[in-house]
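Enquirer: My structure is below; once you've seen it, I'll send some questions.
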Number of protein chains: 2
Amino acid sequence: MARSDTRFREAYNQILDYCGTLPPSAAMPSETRLAELAGVSRTIIRRCLARMEEEELLAWSGREKLLLRAPRASDRIDVQKQAGGTGDLEQRFLDWVLRFDVPAGTPLSVAELSRNFGVPQHELKEFLAGLSRFGLVSRRPQGGWMLLGFTRDFAIELSDFRCVLELNAVARVAEAPVDHPVWAALAALREAHLRLQREIETDFHEFSKLDERFHQAISSVVKNRFTAEFQKVISLIFHYHYMWDKTEEKARNAAAIGEHLAIIDALEARDAEAAQEAAKRHLRTSKTTLLSSLRHHELA
Amino acid sequence: MARSDTRFREAYNQILDYCGTLPPSAAMPSETRLAELAGVSRTIIRRCLARMEEEELLAWSGREKLLLRAPRASDRIDVQKQAGGTGDLEQRFLDWVLRFDVPAGTPLSVAELSRNFGVPQHELKEFLAGLSRFGLVSRRPQGGWMLLGFTRDFAIELSDFRCVLELNAVARVAEAPVDHPVWAALAALREAHLRLQREIETDFHEFSKLDERFHQAISSVVKNRFTAEFQKVISLIFHYHYMWDKTEEKARNAAAIGEHLAIIDALEARDAEAAQEAAKRHLRTSKTTLLSSLRHHELA
DNA sequence: TTTATGTTTCAAATAATAAAAAACAGCATG
DNA sequence: CATGCTGTTTTTTATTATTTGAAACATAAA
């Protein structure tokens with residue numbers, strides 16, 4: 001069979017709700033009007049009206065549409081929207097890859113993923129096609145897909161690319177006008193960093209979240225559709241790896257806090273040169289951390 | 001009906017070719033072995049063998065597979081691979097968009113594109129899903145797709161992003177070792193530029209190709225899967241716009257040749273600083289050209 | 001002349017299906 | 001008895017067919 005009639009069901013209930021607001025035995029507006037109200041095509045509206053006539057809610061003849069009685073709750077048709085949700089598929093997919101440390105070269109079965117994520121197959125295919133643009137997956141010659149990341153090369157290229165994007169972002173921040181919201185964000189981040197620095201002995205694992213917030217704030221200054229997509233993926237990957245590599249986590253995080261503060265200092269002093277240097281230092285550290293976390297995983 | 005049996009047909013011919021190399025009435029290798037040879041699953045091999053038996057090419061019983069006679073050309077089955085080719089869909093699609101100046105906001109019908117490009121619908125869907133990652137198209141709320149580029153914002157963001165990537169590439173070139181192939185390429189490009197500079201009065205429209213070659217050479221130094229994808233799209237777009245904006249084309253191209261030569265000079269002198277400056281100047285010019293070409297198109 | 005409805009056409013979403021791949025199990029042969 | 005091969009079954013993927021929904025067109029009422 002064919003596509004689901006969810007659209008019809010939702011529209012029907014919506015129309016019923018609208019009828020509830022009308023006085024009894026009122027004339028209903030035109031099909032075009034109703035279609036606009038429900039944000040749906042006239043075809044659907046006509047199906048709704050037909051059903052209302054069947055249910056004896058409506059006397060319909062030509063352009064005479066008289067409401068016979070107020071709709072009851074029992075008149076509604078239930079629309080079971082399938083769980084899982086197709087919205088944050090990207091998040092969930094990367095989460096799965098990173099959390100279970102799915103190795104590079106793993107064949108990805110669309111059918112299996114479709115079951116696990118509760119998403120129709122064709123959506124998964126489109127999704128994978130999108131990821132292949134980022135070089136995360138690729139089509140196999142004998143059909144199907146295969147996971148490419150996380151090799152060492154991948155991590156290096158990802159870090160380098162991130163570096164290019166972020167150094168640019170830092171440069172943009174340095175030349176942002178005083179009333180730009182980024183300055184407020186940076187001031188707040190400075191406080192948060194200082195607070196965490198004081199409590200580093202106990203709360204050091206809080207850093208991962210702070211790191212994400214920090215880089216997010218810097219990147220948000222660059223309004224660019226091309227970078228935006230990448231930032232999502234990049235931040236997710238670094239976020240996870242920060243959380244997992246437990247070797248000397250406390251010392252690492254303490255050092256990173258210092259590096260962040262150095263960047264903020266330089267930016268607030270509008271010293272673009274110093275900010276670049278500080279950012280470079282921090283990104284170099286990040287890259288090393290990412291690579292070493294990969295090594296540990298490989299040994300495990 | 002279902003998928004094409006191209007895979008079977010190609011494998012069959014391949015097996016026939018292989019049989020040609022065997023002595024007459026030889027025993028054929030195991031199914032697994034043949035499957036490896038043809039790069040195909042055992043299921044296909046068994047279909048091939050079954051057909052060969054039907055054609056009285058083979059006496060097949062259990063694991064006894066005796067070749068009865070050498071295969072002739074007439075035994076092959078022809079495999080008509082549909083024209084059009086799904087390979088350079090990206091090239092053809094962008095070509096279409098740019099050549100016919102398809103305006104931003106145009107609804108894209110998968111069915112129609114599928115017919116025009118001679119590519120199955122589902123492939124087009126995957127393709128569009130990939131492009132949406134670059135912000136070139138997006139899904140419409142009521143279903144279907146819509147073209148986003150070419151607005152002014154798009155051109156600005158594209159130029160800025162290109163600038164970030166290329167400045168990085170220039171920096172990488174400046175620190176490349178002396179035996180890196182890029183130096184030979186640059187030397188050749190210098191000659192080509194000088195030659196065109198001499199013949200600028202007549203051959204100025206040759207510049208577009210040269211420009212593409214130049215940026216390609218610079219970018220190729222950065223080995224990064226993330227940038228590689230973008231470069232393809234970016235270069236195509238700039239390439240076309242260069243070709244179309246006919247206003248003062250000769251003067252513009254002459255100036256660009258000078259800018260290119262300045263970049264090559266600075267690079268060959270290993271002066272990273274000067275190279276950055278020269279590149280910045282050139283990219284600024286490019287951006288202006290792209291924007292003005294858009295304005296002209298809008299007026300037209 | 002405008003606006004609404006009746007009718008038709010076309011495209012997009014999704015189920016169904018044939019083809020291919022992979023997994024499984026039993027058997028023969030050294 | 002263990003290895004490798006074939007017969008069979010199960011999954012999975014690529015592709016078509018079908019159905020719902022959107023939109024274009026035509027016609028009639030106000």
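Lettering and numbering for the structure tokens are positional, with chains as A, B, ... in the shown order, residues counted from 1 in each chain, and ligands counted from 1 in the shown order.
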Could you write out chain B as a CSV table (one decimal) with C-alpha atoms, in the first residue's frame once it has been least-squares superposed on chain A using every ordered C-alpha pair?

Expert:
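Generated file (part-v5.csv):
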```
chain,number,residue,atom,x,y,z
B,1,MET,CA,0.0,-0.5,0.8
B,2,ALA,CA,0.9,3.1,0.6
B,3,ARG,CA,1.6,6.2,2.6
B,4,SER,CA,0.0,7.1,5.9
B,5,ASP,CA,-2.9,9.4,6.1
B,6,THR,CA,-1.5,11.3,9.0
B,7,ARG,CA,-1.9,14.5,7.1
B,8,PHE,CA,-5.6,13.9,6.7
B,9,ARG,CA,-6.1,13.0,10.3
B,10,GLU,CA,-4.3,16.1,11.6
B,11,ALA,CA,-6.2,18.3,9.2
B,12,TYR,CA,-9.5,16.8,10.3
B,13,ASN,CA,-8.9,17.5,13.9
B,14,GLN,CA,-7.7,21.0,13.0
B,15,ILE,CA,-10.9,21.7,11.1
B,16,LEU,CA,-13.0,20.4,14.0
B,17,ASP,CA,-11.2,22.8,16.3
B,18,TYR,CA,-12.0,25.6,13.9
B,19,CYS,CA,-15.7,24.6,13.8
B,20,GLY,CA,-15.7,24.8,17.6
B,21,THR,CA,-15.1,28.6,17.2
B,22,LEU,CA,-18.1,29.0,14.9
B,23,PRO,CA,-21.6,29.7,16.1
B,24,PRO,CA,-24.0,26.8,15.9
B,25,SER,CA,-25.5,26.0,12.4
B,26,ALA,CA,-23.2,28.5,10.8
B,27,ALA,CA,-22.2,28.3,7.1
B,28,MET,CA,-18.6,27.1,6.6
B,29,PRO,CA,-16.1,29.0,4.4
B,30,SER,CA,-15.1,27.8,1.0
B,31,GLU,CA,-12.9,24.8,0.4
B,32,THR,CA,-10.0,26.9,-0.8
B,33,ARG,CA,-10.3,29.0,2.4
B,34,LEU,CA,-10.3,26.0,4.7
B,35,ALA,CA,-7.3,24.5,2.8
B,36,GLU,CA,-5.4,27.7,3.5
B,37,LEU,CA,-6.4,27.6,7.1
B,38,ALA,CA,-5.2,24.1,7.6
B,39,GLY,CA,-2.2,24.5,5.4
B,40,VAL,CA,-3.2,21.6,3.3
B,41,SER,CA,-4.5,20.8,-0.2
B,42,ARG,CA,-8.2,21.0,-1.2
B,43,THR,CA,-8.2,17.2,-1.7
B,44,ILE,CA,-7.7,16.7,2.0
B,45,ILE,CA,-10.3,19.3,2.9
B,46,ARG,CA,-12.9,17.5,0.8
B,47,ARG,CA,-12.1,14.2,2.5
B,48,CYS,CA,-12.6,16.0,5.8
B,49,LEU,CA,-15.9,17.5,4.8
B,50,ALA,CA,-17.1,14.1,3.4
B,51,ARG,CA,-16.3,12.5,6.8
B,52,MET,CA,-18.0,15.3,8.7
B,53,GLU,CA,-21.1,14.7,6.5
B,54,GLU,CA,-21.0,11.0,7.3
B,55,GLU,CA,-20.7,11.8,11.0
B,56,GLU,CA,-23.7,14.0,10.6
B,57,LEU,CA,-21.8,17.0,11.7
B,58,LEU,CA,-22.5,18.8,8.4
B,59,ALA,CA,-25.2,19.2,5.8
B,60,TRP,CA,-23.3,19.5,2.6
B,61,SER,CA,-24.8,20.2,-0.8
B,62,GLY,CA,-22.8,22.1,-3.5
B,63,ARG,CA,-21.5,25.2,-1.9
B,64,GLU,CA,-23.9,25.1,1.0
B,65,LYS,CA,-22.0,23.7,4.0
B,66,LEU,CA,-24.1,24.1,7.2
B,67,LEU,CA,-22.7,23.0,10.5
B,68,LEU,CA,-25.3,20.9,12.3
B,69,ARG,CA,-23.9,20.7,15.8
B,70,ALA,CA,-20.7,21.7,17.7
B,71,PRO,CA,-18.0,19.0,17.4
B,72,ARG,CA,-17.3,16.9,20.5
B,73,ALA,CA,-14.0,15.5,21.7
B,74,SER,CA,-15.2,12.0,20.6
B,75,ASP,CA,-15.5,13.2,17.0
B,76,ARG,CA,-11.7,13.6,16.7
B,77,ILE,CA,-9.7,10.9,15.2
B,78,ASP,CA,-6.5,9.9,16.9
B,79,VAL,CA,-3.3,10.2,15.1
B,80,GLN,CA,-0.6,8.0,16.5
B,81,LYS,CA,2.7,9.6,15.4
B,82,GLN,CA,5.3,6.8,15.5
B,83,ALA,CA,7.8,7.2,18.3
B,84,GLY,CA,11.5,7.5,17.8
B,85,GLY,CA,11.2,10.6,15.7
B,86,THR,CA,13.0,11.2,12.5
B,87,GLY,CA,14.1,14.6,13.7
B,88,ASP,CA,17.3,14.0,15.6
B,89,LEU,CA,18.4,11.0,13.5
B,90,GLU,CA,21.8,12.6,13.0
B,91,GLN,CA,22.4,13.0,16.7
B,92,ARG,CA,21.3,9.5,17.4
B,93,PHE,CA,23.3,8.0,14.6
B,94,LEU,CA,26.6,9.7,15.5
B,95,ASP,CA,25.9,8.9,19.1
B,96,TRP,CA,25.7,5.3,18.2
B,97,VAL,CA,28.8,5.3,16.1
B,98,LEU,CA,30.9,7.1,18.8
B,99,ARG,CA,29.4,5.4,21.8
B,100,PHE,CA,30.0,1.9,20.5
B,101,ASP,CA,33.1,2.9,18.8
B,102,VAL,CA,32.0,1.4,15.5
B,103,PRO,CA,35.2,0.8,13.6
B,104,ALA,CA,36.0,2.3,10.2
B,105,GLY,CA,35.1,0.0,7.3
B,106,THR,CA,32.0,-1.4,9.0
B,107,PRO,CA,29.3,-2.2,6.5
B,108,LEU,CA,26.1,-0.4,7.3
B,109,SER,CA,22.8,-2.2,6.6
B,110,VAL,CA,20.0,0.2,5.8
B,111,ALA,CA,17.4,-2.4,6.9
B,112,GLU,CA,19.1,-3.0,10.2
B,113,LEU,CA,19.6,0.7,11.0
B,114,SER,CA,16.0,1.2,10.0
B,115,ARG,CA,14.8,-1.2,12.6
B,116,ASN,CA,17.1,0.0,15.3
B,117,PHE,CA,16.4,3.6,14.9
B,118,GLY,CA,12.7,3.2,14.1
B,119,VAL,CA,13.0,5.2,10.9
B,120,PRO,CA,11.7,4.2,7.4
B,121,GLN,CA,14.4,2.8,5.1
B,122,HIS,CA,14.1,5.5,2.5
B,123,GLU,CA,14.8,8.2,5.1
B,124,LEU,CA,17.9,6.4,6.2
B,125,LYS,CA,19.1,6.2,2.6
B,126,GLU,CA,18.7,10.0,2.2
B,127,PHE,CA,20.4,10.5,5.5
B,128,LEU,CA,23.3,8.4,4.5
B,129,ALA,CA,23.5,10.2,1.2
B,130,GLY,CA,23.8,13.4,3.1
B,131,LEU,CA,26.6,12.1,5.4
B,132,SER,CA,28.5,10.9,2.4
B,133,ARG,CA,28.9,14.5,1.4
B,134,PHE,CA,30.9,14.9,4.6
B,135,GLY,CA,33.0,11.9,3.8
B,136,LEU,CA,31.6,10.0,6.9
B,137,VAL,CA,30.2,7.1,4.9
B,138,SER,CA,30.4,5.9,1.3
B,139,ARG,CA,28.6,3.6,-1.0
B,140,ARG,CA,30.1,0.2,-1.5
B,141,PRO,CA,30.7,-1.0,-5.0
B,142,GLN,CA,28.5,-4.1,-4.6
B,143,GLY,CA,25.7,-2.0,-3.1
B,144,GLY,CA,25.1,-0.9,0.5
B,145,TRP,CA,26.9,1.5,2.6
B,146,MET,CA,30.0,1.6,4.7
B,147,LEU,CA,31.3,3.7,7.6
B,148,LEU,CA,34.5,5.6,6.8
B,149,GLY,CA,35.3,7.5,10.0
B,150,PHE,CA,37.1,7.1,12.5
B,151,THR,CA,40.5,6.6,11.1
B,152,ARG,CA,43.6,8.6,12.0
B,153,ASP,CA,43.4,10.5,8.7
B,154,PHE,CA,39.9,11.3,9.4
B,155,ALA,CA,40.6,12.8,12.8
B,156,ILE,CA,43.5,14.8,11.4
B,157,GLU,CA,41.5,16.2,8.5
B,158,LEU,CA,38.6,17.0,10.8
B,159,SER,CA,40.8,18.8,13.3
B,160,ASP,CA,42.5,20.8,10.5
B,161,PHE,CA,39.2,21.8,9.1
B,162,ARG,CA,37.8,22.7,12.5
B,163,CYS,CA,40.9,24.8,13.0
B,164,VAL,CA,40.3,26.7,9.8
B,165,LEU,CA,36.7,27.4,10.7
B,166,GLU,CA,37.4,28.4,14.2
B,167,LEU,CA,40.3,30.7,13.6
B,168,ASN,CA,38.1,32.5,11.1
B,169,ALA,CA,35.3,32.7,13.7
B,170,VAL,CA,37.7,34.1,16.3
B,171,ALA,CA,38.8,36.8,13.9
B,172,ARG,CA,35.1,37.7,13.3
B,173,VAL,CA,34.5,37.9,17.0
B,174,ALA,CA,37.4,40.2,17.5
B,175,GLU,CA,35.9,42.7,15.1
B,176,ALA,CA,32.3,42.4,16.3
B,177,PRO,CA,30.6,45.6,17.5
B,178,VAL,CA,30.3,46.3,21.2
B,179,ASP,CA,26.6,45.6,21.3
B,180,HIS,CA,26.9,42.2,19.7
B,181,PRO,CA,25.4,39.4,22.0
B,182,VAL,CA,28.6,37.5,21.8
B,183,TRP,CA,30.2,39.8,24.4
B,184,ALA,CA,27.5,39.0,27.0
B,185,ALA,CA,27.9,35.3,26.2
B,186,LEU,CA,31.7,35.5,26.7
B,187,ALA,CA,31.4,37.4,29.9
B,188,ALA,CA,29.1,34.7,31.3
B,189,LEU,CA,31.4,32.0,30.0
B,190,ARG,CA,34.3,33.7,31.8
B,191,GLU,CA,32.4,33.4,35.0
B,192,ALA,CA,31.6,29.8,34.4
B,193,HIS,CA,35.2,29.0,33.6
B,194,LEU,CA,36.5,30.7,36.8
B,195,ARG,CA,33.9,28.9,38.8
B,196,LEU,CA,34.9,25.5,37.4
B,197,GLN,CA,38.6,26.4,37.9
B,198,ARG,CA,37.9,26.8,41.6
B,199,GLU,CA,36.0,23.5,41.8
B,200,ILE,CA,38.3,21.6,39.4
B,201,GLU,CA,39.2,19.0,42.0
B,202,THR,CA,35.7,17.6,42.2
B,203,ASP,CA,33.8,18.9,39.1
B,204,PHE,CA,36.4,18.5,36.4
B,205,HIS,CA,34.1,16.2,34.3
B,206,GLU,CA,31.8,19.2,34.0
B,207,PHE,CA,34.2,20.7,31.5
B,208,SER,CA,33.0,18.8,28.5
B,209,LYS,CA,29.7,20.6,28.5
B,210,LEU,CA,31.4,24.0,29.0
B,211,ASP,CA,33.8,23.3,26.2
B,212,GLU,CA,30.9,22.7,23.8
B,213,ARG,CA,29.2,25.9,25.0
B,214,PHE,CA,32.4,27.9,24.5
B,215,HIS,CA,33.0,26.8,20.9
B,216,GLN,CA,29.3,27.2,20.1
B,217,ALA,CA,29.4,30.8,21.3
B,218,ILE,CA,32.4,31.6,19.2
B,219,SER,CA,31.1,29.9,16.1
B,220,SER,CA,27.7,31.4,16.3
B,221,VAL,CA,29.1,34.8,15.3
B,222,VAL,CA,29.8,33.5,11.8
B,223,LYS,CA,26.4,33.5,10.0
B,224,ASN,CA,27.1,31.0,7.2
B,225,ARG,CA,25.0,28.1,6.1
B,226,PHE,CA,28.0,26.1,4.9
B,227,THR,CA,29.8,26.2,8.2
B,228,ALA,CA,26.8,25.7,10.4
B,229,GLU,CA,26.2,22.1,9.2
B,230,PHE,CA,29.8,21.2,9.9
B,231,GLN,CA,29.9,22.7,13.3
B,232,LYS,CA,27.1,20.4,14.4
B,233,VAL,CA,29.1,17.3,13.5
B,234,ILE,CA,32.4,18.6,14.6
B,235,SER,CA,31.2,19.6,18.1
B,236,LEU,CA,29.5,16.3,18.6
B,237,ILE,CA,32.6,14.3,17.8
B,238,PHE,CA,34.9,16.4,19.9
B,239,HIS,CA,32.4,16.4,22.7
B,240,TYR,CA,32.3,12.6,22.9
B,241,HIS,CA,36.0,12.2,22.7
B,242,TYR,CA,36.6,14.6,25.4
B,243,MET,CA,34.3,12.6,27.6
B,244,TRP,CA,35.9,9.3,27.0
B,245,ASP,CA,39.6,9.8,27.1
B,246,LYS,CA,40.0,9.4,30.8
B,247,THR,CA,43.8,9.7,30.9
B,248,GLU,CA,44.8,12.7,33.0
B,249,GLU,CA,41.4,14.1,32.5
B,250,LYS,CA,41.6,16.5,35.4
B,251,ALA,CA,44.9,18.0,34.3
B,252,ARG,CA,43.8,18.2,30.7
B,253,ASN,CA,40.6,20.0,31.6
B,254,ALA,CA,42.4,22.4,33.9
B,255,ALA,CA,44.8,23.3,31.1
B,256,ALA,CA,42.0,23.7,28.6
B,257,ILE,CA,40.2,26.1,31.0
B,258,GLY,CA,43.3,28.2,31.1
B,259,GLU,CA,43.5,28.2,27.3
B,260,HIS,CA,39.8,29.2,27.0
B,261,LEU,CA,40.4,32.1,29.4
B,262,ALA,CA,43.4,33.3,27.4
B,263,ILE,CA,41.2,33.4,24.3
B,264,ILE,CA,38.5,35.4,26.2
B,265,ASP,CA,41.1,37.8,27.6
B,266,ALA,CA,42.5,38.5,24.2
B,267,LEU,CA,39.1,38.9,22.6
B,268,GLU,CA,37.8,41.3,25.3
B,269,ALA,CA,41.0,43.3,24.9
B,270,ARG,CA,40.2,43.4,21.1
B,271,ASP,CA,43.6,42.0,20.4
B,272,ALA,CA,43.0,40.0,17.3
B,273,GLU,CA,46.6,38.9,16.9
B,274,ALA,CA,46.8,37.5,20.5
B,275,ALA,CA,43.4,35.9,20.1
B,276,GLN,CA,44.5,34.0,17.0
B,277,GLU,CA,47.6,32.8,18.8
B,278,ALA,CA,45.7,31.7,21.9
B,279,ALA,CA,43.1,29.9,19.7
B,280,LYS,CA,45.8,28.2,17.7
B,281,ARG,CA,47.4,26.9,20.9
B,282,HIS,CA,44.1,25.6,22.1
B,283,LEU,CA,43.2,23.9,18.9
B,284,ARG,CA,46.5,22.3,18.7
B,285,THR,CA,45.9,20.8,22.2
B,286,SER,CA,42.5,19.6,21.1
B,287,LYS,CA,43.9,17.9,18.1
B,288,THR,CA,46.5,16.1,20.2
B,289,THR,CA,43.8,15.0,22.6
B,290,LEU,CA,41.6,13.7,19.9
B,291,LEU,CA,44.5,11.7,18.3
B,292,SER,CA,45.7,10.3,21.6
B,293,SER,CA,42.2,9.2,22.5
B,294,LEU,CA,42.0,7.3,19.2
B,295,ARG,CA,45.3,5.6,20.0
B,296,HIS,CA,44.0,4.5,23.3
B,297,HIS,CA,40.9,3.1,21.7
B,298,GLU,CA,42.9,1.2,19.2
B,299,LEU,CA,44.9,-0.4,21.9
B,300,ALA,CA,41.9,-1.3,23.9
```

Enquirer: Given only C-alpha atoms (C1' of nucleotides), how would the per-residue table for chain D near chain A read, listing every residue at most 7 Å away with its closest atom pair and distance in Å to one decimal, sorted by chain and number, as JSON lines?

Expert:
```
{"residue": "D:DT12", "atom": "C1'", "partner": "A:Ala111", "partner_atom": "CA", "distance": 6.7}
{"residue": "D:DT13", "atom": "C1'", "partner": "A:Gly144", "partner_atom": "CA", "distance": 6.8}
{"residue": "D:DT18", "atom": "C1'", "partner": "A:Ala2", "partner_atom": "CA", "distance": 6.1}
{"residue": "D:DT19", "atom": "C1'", "partner": "A:Ala2", "partner_atom": "CA", "distance": 4.7}
{"residue": "D:DT20", "atom": "C1'", "partner": "A:Arg3", "partner_atom": "CA", "distance": 6.2}
{"residue": "D:DG21", "atom": "C1'", "partner": "A:Thr43", "partner_atom": "CA", "distance": 6.9}
{"residue": "D:DA22", "atom": "C1'", "partner": "A:Ser41", "partner_atom": "CA", "distance": 5.9}
```

Enquirer: Those selected residues, please, written with N, CA and C atoms (P, O5', C5', C4', C3', O3' and C1' of nucleotides) and delivered as a PDB file, in the first residue's frame.

Expert:
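And here is the file that came out, again.pdb:
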```
ATOM      1  P    DT D  12      18.530  -7.917   7.432  1.00  0.00           P
ATOM      2  O5'  DT D  12      18.882  -7.367   5.977  1.00  0.00           O
ATOM      3  C5'  DT D  12      20.170  -7.646   5.429  1.00  0.00           C
ATOM      4  C4'  DT D  12      20.292  -6.955   4.090  1.00  0.00           C
ATOM      5  C3'  DT D  12      19.702  -5.546   4.061  1.00  0.00           C
ATOM      6  O3'  DT D  12      20.624  -4.698   3.424  1.00  0.00           O
ATOM      7  C1'  DT D  12      18.812  -6.821   2.304  1.00  0.00           C
ATOM      8  P    DT D  13      20.398  -3.163   3.453  1.00  0.00           P
ATOM      9  O5'  DT D  13      20.557  -2.768   1.922  1.00  0.00           O
ATOM     10  C5'  DT D  13      21.489  -3.463   1.101  1.00  0.00           C
ATOM     11  C4'  DT D  13      20.987  -3.481  -0.324  1.00  0.00           C
ATOM     12  C3'  DT D  13      20.560  -2.117  -0.845  1.00  0.00           C
ATOM     13  O3'  DT D  13      21.298  -1.837  -2.015  1.00  0.00           O
ATOM     14  C1'  DT D  13      18.931  -3.759  -1.335  1.00  0.00           C
ATOM     15  P    DT D  18       0.203  -1.174  -9.981  1.00  0.00           P
ATOM     16  O5'  DT D  18      -0.194  -0.376  -8.656  1.00  0.00           O
ATOM     17  C5'  DT D  18       0.017  -1.003  -7.389  1.00  0.00           C
ATOM     18  C4'  DT D  18      -0.290  -0.027  -6.272  1.00  0.00           C
ATOM     19  C3'  DT D  18      -1.567   0.791  -6.469  1.00  0.00           C
ATOM     20  O3'  DT D  18      -2.289   0.751  -5.264  1.00  0.00           O
ATOM     21  C1'  DT D  18       0.231   2.240  -5.997  1.00  0.00           C
ATOM     22  P    DT D  19      -3.843   1.159  -5.246  1.00  0.00           P
ATOM     23  O5'  DT D  19      -3.843   2.374  -4.205  1.00  0.00           O
ATOM     24  C5'  DT D  19      -3.203   2.201  -2.922  1.00  0.00           C
ATOM     25  C4'  DT D  19      -2.826   3.549  -2.356  1.00  0.00           C
ATOM     26  C3'  DT D  19      -3.976   4.564  -2.373  1.00  0.00           C
ATOM     27  O3'  DT D  19      -4.170   5.054  -1.066  1.00  0.00           O
ATOM     28  C1'  DT D  19      -1.991   5.521  -3.233  1.00  0.00           C
ATOM     29  P    DT D  20      -5.379   6.011  -0.731  1.00  0.00           P
ATOM     30  O5'  DT D  20      -4.625   7.356  -0.310  1.00  0.00           O
ATOM     31  C5'  DT D  20      -3.665   7.310   0.756  1.00  0.00           C
ATOM     32  C4'  DT D  20      -2.857   8.587   0.748  1.00  0.00           C
ATOM     33  C3'  DT D  20      -3.689   9.852   0.954  1.00  0.00           C
ATOM     34  O3'  DT D  20      -3.064  10.631   1.940  1.00  0.00           O
ATOM     35  C1'  DT D  20      -2.417  10.035  -1.038  1.00  0.00           C
ATOM     36  P    DG D  21      -3.710  11.977   2.429  1.00  0.00           P
ATOM     37  O5'  DG D  21      -3.024  13.038   1.475  1.00  0.00           O
ATOM     38  C5'  DG D  21      -1.627  13.246   1.608  1.00  0.00           C
ATOM     39  C4'  DG D  21      -1.168  14.289   0.621  1.00  0.00           C
ATOM     40  C3'  DG D  21      -1.920  15.615   0.697  1.00  0.00           C
ATOM     41  O3'  DG D  21      -0.950  16.632   0.696  1.00  0.00           O
ATOM     42  C1'  DG D  21      -1.929  14.818  -1.507  1.00  0.00           C
ATOM     43  P    DA D  22      -1.381  18.134   0.825  1.00  0.00           P
ATOM     44  O5'  DA D  22      -1.036  18.636  -0.636  1.00  0.00           O
ATOM     45  C5'  DA D  22       0.310  18.557  -1.072  1.00  0.00           C
ATOM     46  C4'  DA D  22       0.449  19.171  -2.446  1.00  0.00           C
ATOM     47  C3'  DA D  22      -0.101  20.582  -2.567  1.00  0.00           C
ATOM     48  O3'  DA D  22       0.852  21.322  -3.302  1.00  0.00           O
ATOM     49  C1'  DA D  22      -1.126  19.176  -4.161  1.00  0.00           C
TER      50       DA D  22
END
```

Enquirer: Do me a favour and pick out the residues of chain C within 10 Å of chain A, using only C-alpha atoms (C1' of nucleotides), as a list in words.

Expert: DT3, DA4, DT5, DG6, DA12, DA13, DT14, DA15, DA16, DA20 and DA21 of chain C

Enquirer: Using the selection just defined, write its residues with C-alpha atoms (C1' of nucleotides) as an mmCIF file, in the first residue's frame.

Expert:
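Below you can see part_9.cif, which holds the result:
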```
data_model
loop_
_atom_site.group_PDB
_atom_site.id
_atom_site.type_symbol
_atom_site.label_atom_id
_atom_site.label_comp_id
_atom_site.auth_asym_id
_atom_site.auth_seq_id
_atom_site.Cartn_x
_atom_site.Cartn_y
_atom_site.Cartn_z
ATOM 1 C "C1'" DT C 3 -15.014 33.732 -6.185
ATOM 2 C "C1'" DA C 4 -16.346 29.098 -5.208
ATOM 3 C "C1'" DT C 5 -16.703 24.422 -6.448
ATOM 4 C "C1'" DG C 6 -16.221 20.222 -9.567
ATOM 5 C "C1'" DA C 12 5.720 12.649 -3.736
ATOM 6 C "C1'" DA C 13 5.615 9.160 -0.131
ATOM 7 C "C1'" DT C 14 5.604 4.510 0.767
ATOM 8 C "C1'" DA C 15 4.487 -0.400 0.196
ATOM 9 C "C1'" DA C 16 5.491 -4.355 -2.671
ATOM 10 C "C1'" DA C 20 21.415 -10.000 -5.208
ATOM 11 C "C1'" DA C 21 24.037 -10.923 -0.998
#
```

Enquirer: When DSSP works through the backbone of this structure, what residues of range 31-207 of chain A end up as strand (DSSP E or B), shown as a ChimeraX atom specification?

Expert: /A:58-61,64-67,107-108,137-139,145-147

Enquirer: State, in Å with one decimal place, the distance from C1' of DC5 in chain D to C1' of DG26 in chain C.

Expert: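 So the answer is 10.6 Å.
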
Enquirer: Rounded to one decimal place, report the C1' of DA11 in chain C-C1' of DA17 in chain D distance in Å.

Expert: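 Answer for the C1' of DA11 in chain C to C1' of DA17 in chain D separation: 14.2 Å.
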